[in-house]
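Okay, query-v2.cif now, which holds mmCIF, C-alpha atoms and all ligand atoms:
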data_run
loop_
_atom_site.label_atom_id
_atom_site.label_comp_id
_atom_site.auth_asym_id
_atom_site.auth_seq_id
_atom_site.Cartn_x
_atom_site.Cartn_y
_atom_site.Cartn_z
CA MET A 129 -16.86 -114.16 102.25
CA ARG A 130 -16.56 -114.52 98.49
CA GLN A 131 -13.79 -116.97 97.79
CA SER A 132 -11.39 -116.45 94.96
CA LEU A 133 -11.19 -119.03 92.22
CA PHE A 134 -7.77 -119.96 93.52
CA SER A 135 -8.95 -120.68 97.04
CA ARG A 136 -11.83 -122.72 95.68
CA LEU A 137 -9.44 -124.81 93.64
CA LEU A 138 -7.22 -125.15 96.68
CA VAL A 139 -10.12 -126.50 98.72
CA LEU A 140 -10.85 -128.93 95.91
CA CYS A 141 -7.28 -130.17 95.81
CA LEU A 142 -7.26 -130.68 99.56
CA ALA A 143 -10.48 -132.61 99.37
CA LEU A 144 -9.26 -135.03 96.72
CA PRO A 145 -8.68 -138.57 98.05
CA ALA A 146 -5.45 -138.69 100.01
CA LEU A 147 -2.76 -140.78 98.40
CA ALA A 148 -0.78 -141.01 101.61
CA SER A 149 -0.44 -144.41 103.18
CA THR A 150 -0.79 -145.33 106.85
CA PRO A 151 1.54 -147.57 108.91
CA ALA A 152 -1.17 -150.26 108.92
CA ILE A 153 -1.45 -150.14 105.12
CA GLU A 154 2.34 -150.22 104.73
CA LYS A 155 2.61 -153.25 107.01
CA ALA A 156 -0.20 -155.07 105.20
CA LYS A 157 1.49 -154.33 101.86
CA GLN A 158 4.82 -155.65 103.08
CA ASP A 159 3.20 -158.80 104.49
CA LEU A 160 1.41 -159.39 101.21
CA ALA A 161 4.56 -158.85 99.13
CA ARG A 162 6.50 -161.29 101.32
CA LEU A 163 3.76 -163.93 101.08
CA ARG A 164 3.47 -163.49 97.30
CA GLU A 165 7.18 -164.19 97.00
CA LEU A 166 6.83 -167.30 99.14
CA ALA A 167 3.82 -168.35 97.06
CA THR A 168 5.95 -168.44 93.90
CA ILE A 169 7.95 -171.31 95.42
CA GLY A 170 4.80 -172.95 96.76
CA ALA A 171 5.65 -172.23 100.39
CA VAL A 172 2.34 -170.49 101.16
CA SER A 173 -1.23 -171.68 100.73
CA ARG A 174 -3.71 -169.84 98.52
CA ALA A 175 -5.89 -169.32 101.59
CA ARG A 176 -3.09 -167.56 103.47
CA LEU A 177 -2.50 -165.29 100.48
CA LEU A 178 -6.18 -164.39 100.30
CA GLN A 179 -6.11 -163.63 104.02
CA ALA A 180 -3.21 -161.20 103.51
CA GLU A 181 -5.04 -159.53 100.60
CA ASP A 182 -8.06 -159.18 102.85
CA ALA A 183 -5.93 -157.59 105.57
CA LEU A 184 -4.63 -155.01 103.11
CA GLY A 185 -8.16 -154.25 101.92
CA ASP A 186 -9.27 -153.87 105.53
CA ALA A 187 -6.44 -151.44 106.35
CA GLN A 188 -7.31 -149.37 103.27
CA ASP A 189 -11.00 -149.35 104.20
CA GLU A 190 -10.13 -148.32 107.73
CA ASP A 191 -8.14 -145.40 106.32
CA THR A 192 -11.16 -144.40 104.19
CA LEU A 193 -13.31 -144.30 107.34
CA HIS A 194 -10.72 -142.20 109.14
CA ARG A 195 -10.56 -139.72 106.28
CA LEU A 196 -14.22 -139.46 105.35
CA LEU A 197 -16.14 -140.38 108.50
CA TYR A 198 -14.08 -139.60 111.60
CA GLY A 199 -11.86 -136.95 110.03
CA SER A 200 -12.45 -133.23 110.05
CA VAL A 201 -14.03 -133.12 106.61
CA GLY A 202 -17.59 -131.77 106.80
CA VAL A 203 -20.39 -133.59 105.04
CA GLU A 204 -20.87 -130.62 102.68
CA GLN A 205 -17.24 -130.97 101.60
CA LEU A 206 -17.73 -134.55 100.38
CA SER A 207 -18.32 -135.42 96.76
CA GLU A 208 -20.92 -137.95 95.70
CA GLY A 209 -18.12 -140.37 94.77
CA GLN A 210 -16.61 -140.04 98.23
CA THR A 211 -19.88 -140.84 100.01
CA GLN A 212 -20.17 -143.99 97.87
CA GLU A 213 -16.56 -144.87 98.69
CA LEU A 214 -17.25 -144.37 102.40
CA LEU A 215 -20.38 -146.55 102.36
CA ALA A 216 -18.65 -149.34 100.44
CA ALA A 217 -15.66 -149.32 102.82
CA ALA A 218 -17.87 -149.46 105.93
CA GLN A 219 -19.94 -152.27 104.38
CA ARG A 220 -16.85 -154.34 103.53
CA ARG A 221 -15.49 -153.83 107.06
CA VAL A 222 -18.68 -155.36 108.46
CA GLU A 223 -18.73 -158.23 105.97
CA ARG A 224 -15.15 -159.31 106.64
CA VAL A 225 -15.67 -159.71 110.38
CA ALA A 226 -19.23 -161.04 110.05
CA LYS A 227 -17.96 -163.90 107.89
CA THR A 228 -15.24 -164.98 110.33
CA TYR A 229 -17.59 -164.48 113.26
CA GLY A 230 -20.21 -166.69 111.61
CA ASN A 231 -17.72 -169.48 110.99
CA LEU A 232 -16.36 -169.37 114.53
CA THR A 233 -19.84 -169.21 116.07
CA ASP A 234 -20.56 -172.55 114.40
CA LEU A 235 -17.45 -173.98 116.05
CA VAL A 236 -18.51 -172.60 119.44
CA GLN A 237 -21.93 -174.22 119.06
CA GLN A 238 -20.28 -177.53 118.21
CA GLY A 239 -18.13 -177.21 121.31
CA VAL A 240 -14.89 -177.11 119.30
CA ILE A 241 -13.74 -173.77 120.74
CA PRO A 242 -14.84 -171.91 123.90
CA LYS A 243 -17.13 -168.89 123.62
CA SER A 244 -14.42 -166.64 125.06
CA HIS A 245 -12.49 -167.06 121.79
CA ILE A 246 -15.00 -165.05 119.84
CA GLU A 247 -15.76 -162.30 122.34
CA ASP A 248 -13.21 -159.90 120.84
CA LEU A 249 -14.60 -160.54 117.43
CA GLU A 250 -18.10 -159.88 118.68
CA LEU A 251 -17.04 -156.44 119.94
CA GLN A 252 -15.29 -155.71 116.67
CA LEU A 253 -18.41 -156.62 114.73
CA LYS A 254 -20.47 -154.30 116.92
CA ASP A 255 -18.02 -151.43 116.35
CA ARG A 256 -18.02 -151.97 112.61
CA ARG A 257 -21.81 -152.10 112.44
CA LEU A 258 -21.93 -148.83 114.32
CA ALA A 259 -19.45 -147.29 111.86
CA LEU A 260 -21.65 -148.48 108.99
CA GLN A 261 -24.65 -146.83 110.62
CA LEU A 262 -22.72 -143.56 110.94
CA ALA A 263 -21.62 -143.81 107.31
CA GLU A 264 -25.24 -144.37 106.24
CA ASN A 265 -26.34 -141.33 108.25
CA ARG A 266 -23.64 -139.28 106.58
CA ALA A 267 -24.69 -140.46 103.13
CA HIS A 268 -28.29 -139.61 103.99
CA ILE A 269 -27.44 -136.06 105.09
CA PHE A 270 -25.30 -135.66 101.98
CA GLN A 271 -28.23 -136.71 99.80
CA ASP A 272 -30.52 -134.20 101.53
CA LEU A 273 -28.04 -131.40 100.93
CA LEU A 274 -27.58 -132.46 97.33
CA ASN A 275 -31.33 -132.54 96.74
CA MET A 276 -31.72 -129.16 98.36
CA ALA A 277 -29.04 -127.61 96.19
CA LYS A 278 -30.47 -129.21 93.05
CA ALA A 279 -33.96 -128.03 93.91
CA GLU A 280 -32.62 -124.55 94.44
CA GLU A 281 -31.17 -124.43 90.98
CA LEU A 282 -34.29 -125.88 89.40
CA LEU A 283 -36.61 -123.58 91.30
CA GLN A 284 -34.59 -120.51 90.43
CA SER A 285 -35.50 -121.12 86.83
CA VAL A 286 -39.21 -121.60 87.57
CA GLU A 287 -41.41 -118.61 86.77
CA PRO A 288 -43.73 -117.74 89.63
CA GLN A 289 -47.26 -118.93 88.86
CA GLU A 290 -49.84 -116.18 88.59
CA GLU A 291 -52.74 -117.99 90.20
CA SER A 292 -50.70 -119.08 93.18
CA ALA A 293 -51.02 -116.77 96.18
CA LYS A 294 -47.54 -117.77 97.30
CA PRO A 295 -45.02 -118.14 94.50
CA LEU A 296 -42.76 -121.19 94.47
CA VAL A 297 -39.80 -118.90 94.43
CA GLU A 298 -39.82 -115.48 95.95
CA SER A 299 -36.72 -113.39 95.50
CA PHE A 300 -35.74 -110.17 97.14
CA THR A 301 -32.76 -108.25 95.82
CA GLY A 302 -32.51 -105.51 98.44
CA SER A 303 -29.15 -103.78 98.25
CA GLY A 304 -27.66 -106.81 96.50
CA VAL A 305 -25.07 -107.07 99.24
CA PHE A 306 -24.68 -109.91 101.72
CA LYS A 307 -21.63 -109.74 103.97
CA ASP A 308 -20.15 -111.80 106.78
CA ALA A 309 -21.19 -109.12 109.25
CA HIS A 310 -24.81 -109.46 108.06
CA LEU A 311 -24.72 -113.20 108.68
CA LYS A 312 -23.22 -112.75 112.15
CA TYR A 313 -25.95 -110.26 113.01
CA VAL A 314 -28.76 -112.47 111.69
CA GLU A 315 -27.35 -115.51 113.48
CA SER A 316 -27.24 -113.78 116.83
CA ALA A 317 -30.69 -112.19 116.38
CA PHE A 318 -32.14 -115.58 115.42
CA GLN A 319 -30.59 -117.19 118.49
CA LYS A 320 -32.12 -114.49 120.70
CA GLN A 321 -35.52 -114.82 119.06
CA PHE A 322 -35.86 -118.61 118.85
CA HIS A 323 -33.33 -119.86 121.41
CA ARG A 324 -31.60 -122.09 118.93
CA PRO A 325 -28.85 -121.55 116.38
CA LEU A 326 -29.77 -120.48 112.86
CA PRO A 327 -30.17 -123.84 111.05
CA ILE A 328 -27.61 -123.31 108.29
CA THR A 329 -27.57 -126.22 105.84
CA ALA A 330 -24.95 -124.93 103.41
CA GLN A 331 -22.51 -122.11 103.98
CA GLY A 332 -20.57 -120.77 101.04
CA GLN A 333 -19.01 -122.93 98.42
CA SER A 334 -18.86 -126.68 99.01
CA ASN A 335 -17.70 -129.62 96.94
CA LEU A 336 -21.34 -130.49 96.66
CA HIS A 337 -22.05 -127.27 94.79
CA THR A 338 -18.81 -127.38 92.83
CA SER A 339 -19.49 -130.92 91.70
CA PHE A 340 -22.37 -129.73 89.59
CA GLY A 341 -20.84 -126.45 88.55
CA PHE A 342 -22.72 -124.22 90.94
CA ASP A 343 -21.13 -121.12 92.48
CA HIS A 344 -22.52 -120.88 96.01
CA SER A 345 -19.67 -118.84 97.47
CA GLY A 346 -20.80 -115.98 99.65
CA ARG A 347 -24.25 -117.54 99.90
CA VAL A 348 -25.90 -119.36 102.76
CA ASP A 349 -28.83 -121.78 102.88
CA VAL A 350 -31.05 -121.88 105.93
CA GLY A 351 -33.29 -124.87 106.53
CA VAL A 352 -36.46 -123.06 107.56
CA ASN A 353 -39.84 -123.08 105.85
CA PRO A 354 -40.43 -119.54 104.49
CA ASP A 355 -44.00 -119.62 105.85
CA ASP A 356 -43.26 -120.88 109.36
CA ALA A 357 -42.77 -118.44 112.22
CA GLU A 358 -39.00 -118.75 111.83
CA GLY A 359 -39.11 -118.30 108.08
CA LYS A 360 -41.40 -115.28 108.28
CA TRP A 361 -39.19 -113.71 110.91
CA LEU A 362 -36.07 -114.36 108.85
CA ARG A 363 -37.60 -112.89 105.68
CA SER A 364 -38.67 -109.74 107.49
CA GLN A 365 -35.20 -109.34 109.01
CA LEU A 366 -33.59 -109.73 105.61
CA GLN A 367 -35.97 -107.22 104.09
CA THR A 368 -35.30 -104.72 106.87
CA LEU A 369 -31.56 -105.13 106.38
CA ARG A 370 -32.01 -105.08 102.57
CA ILE A 371 -30.11 -108.36 102.29
CA PRO A 372 -30.87 -110.32 99.10
CA TYR A 373 -32.53 -113.71 99.53
CA ILE A 374 -34.55 -116.34 97.71
CA ALA A 375 -37.37 -118.13 99.54
CA LEU A 376 -37.99 -121.59 98.07
CA ARG A 377 -41.36 -123.07 98.89
CA ALA A 378 -42.06 -125.97 96.60
CA MET A 379 -41.10 -129.55 96.68
CA ILE A 380 -39.70 -130.98 93.48
CA PRO A 381 -41.66 -134.16 92.65
CA GLY A 382 -39.58 -137.25 93.35
CA GLN A 383 -37.14 -135.42 95.55
CA SER A 384 -37.09 -135.37 99.29
CA THR A 385 -35.90 -131.84 99.64
CA GLY A 386 -37.63 -129.35 101.85
CA PRO A 387 -38.32 -125.65 101.43
CA HIS A 388 -35.58 -123.29 102.59
CA ILE A 389 -34.27 -119.76 102.40
CA HIS A 390 -31.16 -118.98 100.36
CA ILE A 391 -29.43 -115.82 101.56
CA GLY A 392 -27.38 -113.90 99.02
CA LEU A 393 -27.78 -113.27 95.32
CA PRO A 394 -28.77 -116.22 93.11
CA SER A 395 -26.01 -118.75 92.51
CA LEU A 396 -24.14 -118.50 89.26
CA ARG A 397 -22.76 -121.26 87.08
CA LEU A 398 -19.10 -121.96 87.72
CA LYS A 399 -16.80 -121.66 84.74
CA VAL A 400 -14.31 -124.22 86.05
CA PRO A 401 -14.67 -127.88 85.08
CA ASP A 402 -15.76 -130.41 87.67
CA LEU A 403 -12.67 -131.61 89.49
CA SER A 404 -14.17 -132.89 92.69
CA SER A 405 -15.57 -136.17 91.50
CA GLY A 406 -14.60 -138.54 88.80
CA ASN A 407 -18.11 -139.43 87.84
CA GLY A 408 -19.73 -136.05 87.30
CA ALA A 409 -21.72 -136.27 90.50
CA GLY A 410 -25.22 -134.91 90.65
CA GLY A 411 -26.21 -135.50 87.06
CA GLY A 412 -29.71 -135.04 85.79
CA LEU A 413 -29.90 -131.36 86.47
CA HIS A 414 -31.18 -130.46 83.06
ZN ZN B 1 -28.40 -121.63 98.36
#
Render the structure in this file as structure tokens.
Ligand SMILES: [Zn+2]
Amino acid sequence: MRQSLFSRLLVLCLALPALASTPAIEKAKQDLARLRELATIGAVSRARLLQAEDALGDAQDEDTLHRLLYGSVGVEQLSEGQTQELLAAAQRRVERVAKTYGNLTDLVQQGVIPKSHIEDLELQLKDRRLALQLAENRAHIFQDLLNMAKAEELLQSVEPQEESAKPLVESFTGSGVFKDAHLKYVESAFQKQFHRPLPITAQGQSNLHTSFGFDHSGRVDVGVNPDDAEGKWLRSQLQTLRIPYIALRAMIPGQSTGPHIHIGLPSLRLKVPDLSSGNGAGGGLH
């Protein structure tokens, strides 16, 4: 369960933006290079050149969507920079087609071209809007996970308040050991008890945690309220099995994170520098 530093770095390297090109990008680059050459002798209009630049941008944005939206990379493996990159690419893909579609719709209304000429474009626009919606959903889920992880770190440093019947943070150390086999057992028992899978929101180390120097390897977050039936059941199971956990109850003001249960010992600070995002994602922790 606990990943070595090497395997964590390996995951990071794999998750860095791919530099590889696609056939569509290569073709768009070649077209653009050819047109730029022709432009130097005045054989190509500025508008045609802009169109070719647009086509290259579109191919690159499409690749971004394939890598970060449709690809196999899980939302918890994204960095904050990558979610921004994904959103921007999806947005530009909509804008490019919406602009052309708008211009051609005017021509259809004026009777210059038949409606059938813009039907393909209409479908394309629909597809791209759907992709943007998916990208926004992804960014939203990412933000929730980020908030949850941040809250966890903040709450771990909060001293339980004496007057409060239920402390904000309740930790149980048990045997101090949390293994894969424990998780498998708890998952199957939870499924039997509640007829749904254990709602795991973060399993082990993720780029999200790495990006703000947080060692979450060998730890699992479960999105249940510690005081709901599911949360109470889970806490009692963990206590019986002597598995360490932290129950987080409070909401951090200004953050949309919900209470959850962190299974495993408290997260430690990573000693490796942040490699996963260029902009030091998730600032404002301290
Ligand atoms: Zn956690």
- For ligand ZN 1 (chain B), collect every residue having any atom at a distance of at most 12 Å from a ligand atom (counting all atoms listed in the file); output as a PyMOL selection string. chain A and resi 273-284+328-334+336-337+342-351+372-376+387-396
- Task: Would you work out the distance separating CA of Glu223 (chain A) from CA of Glu247 (chain A), expressed in Å to one decimal?
- Result: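 Atom-to-atom, CA of Glu223 (chain A) to CA of Glu247 (chain A), that is 17.1 Å.
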- Message: For a test of reading the model, state the distance in Å between CA of Arg370 (chain A) and CA of Pro354 (chain A), rounded to one decimal.
- Response: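 Straight-line distance from CA of Arg370 (chain A) to CA of Pro354 (chain A) works out to 16.8 Å.
When CA of Leu262 (chain A) is paired with CA of Gln219 (chain A), their separation reads 11.3 Å.
Nearest residue to Thr211 (chain A), choosing from A:Leu296, A:Val240, A:Leu260, A:Val225 and counting all atoms listed in the file: A:Leu260.
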- Message: Just want the 10 Å neighbourhood of region 158-166 of chain A, counted on all atoms listed in the file, with same-chain residues fewer than 4 positions away dropped. Output as number ranges by chain.
- Response: A: 152-154, 170-174, 176-184
Just write the chosen residues, C-alpha atoms, as an mmCIF file, keeping the file's coordinate frame.
data_model
loop_
_atom_site.group_PDB
_atom_site.id
_atom_site.type_symbol
_atom_site.label_atom_id
_atom_site.label_comp_id
_atom_site.auth_asym_id
_atom_site.auth_seq_id
_atom_site.Cartn_x
_atom_site.Cartn_y
_atom_site.Cartn_z
ATOM 1 C CA ALA A 152 -1.170 -150.260 108.920
ATOM 2 C CA ILE A 153 -1.450 -150.140 105.120
ATOM 3 C CA GLU A 154 2.340 -150.220 104.730
ATOM 4 C CA GLY A 170 4.800 -172.950 96.760
ATOM 5 C CA ALA A 171 5.650 -172.230 100.390
ATOM 6 C CA VAL A 172 2.340 -170.490 101.160
ATOM 7 C CA SER A 173 -1.230 -171.680 100.730
ATOM 8 C CA ARG A 174 -3.710 -169.840 98.520
ATOM 9 C CA ARG A 176 -3.090 -167.560 103.470
ATOM 10 C CA LEU A 177 -2.500 -165.290 100.480
ATOM 11 C CA LEU A 178 -6.180 -164.390 100.300
ATOM 12 C CA GLN A 179 -6.110 -163.630 104.020
ATOM 13 C CA ALA A 180 -3.210 -161.200 103.510
ATOM 14 C CA GLU A 181 -5.040 -159.530 100.600
ATOM 15 C CA ASP A 182 -8.060 -159.180 102.850
ATOM 16 C CA ALA A 183 -5.930 -157.590 105.570
ATOM 17 C CA LEU A 184 -4.630 -155.010 103.110
#
- Task: For Asp248 (chain A), work out the shell of residues within 12 Å, counting all atoms listed in the file and skipping chain neighbours fewer than 5 positions away, then give it as number ranges by chain.
- Result: A: 225, 228-229, 232, 243, 253-255
- Query: Of the candidates A:Arg324, A:Glu204, A:Glu213, A:Ser244, which one gets nearest to Ile269 (chain A) if we count only C-alpha atoms?
  - Reply: A:Glu204
Centre and edge lengths, as lines of an AutoDock Vina configuration file, for the axis-aligned box enclosing every listed atom of region 170-173 of chain A with 3 Å of padding on each of the six sides, in Å to one decimal?
center_x = 2.2
center_y = -171.7
center_z = 99.0
size_x = 12.9
size_y = 8.5
size_z = 10.4
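The smallest atom-to-atom distance between Glu250 (chain A) and any of A:Thr233, A:Gly341, A:Leu214, A:Ala317, using all atoms listed in the file, is found for A:Thr233.
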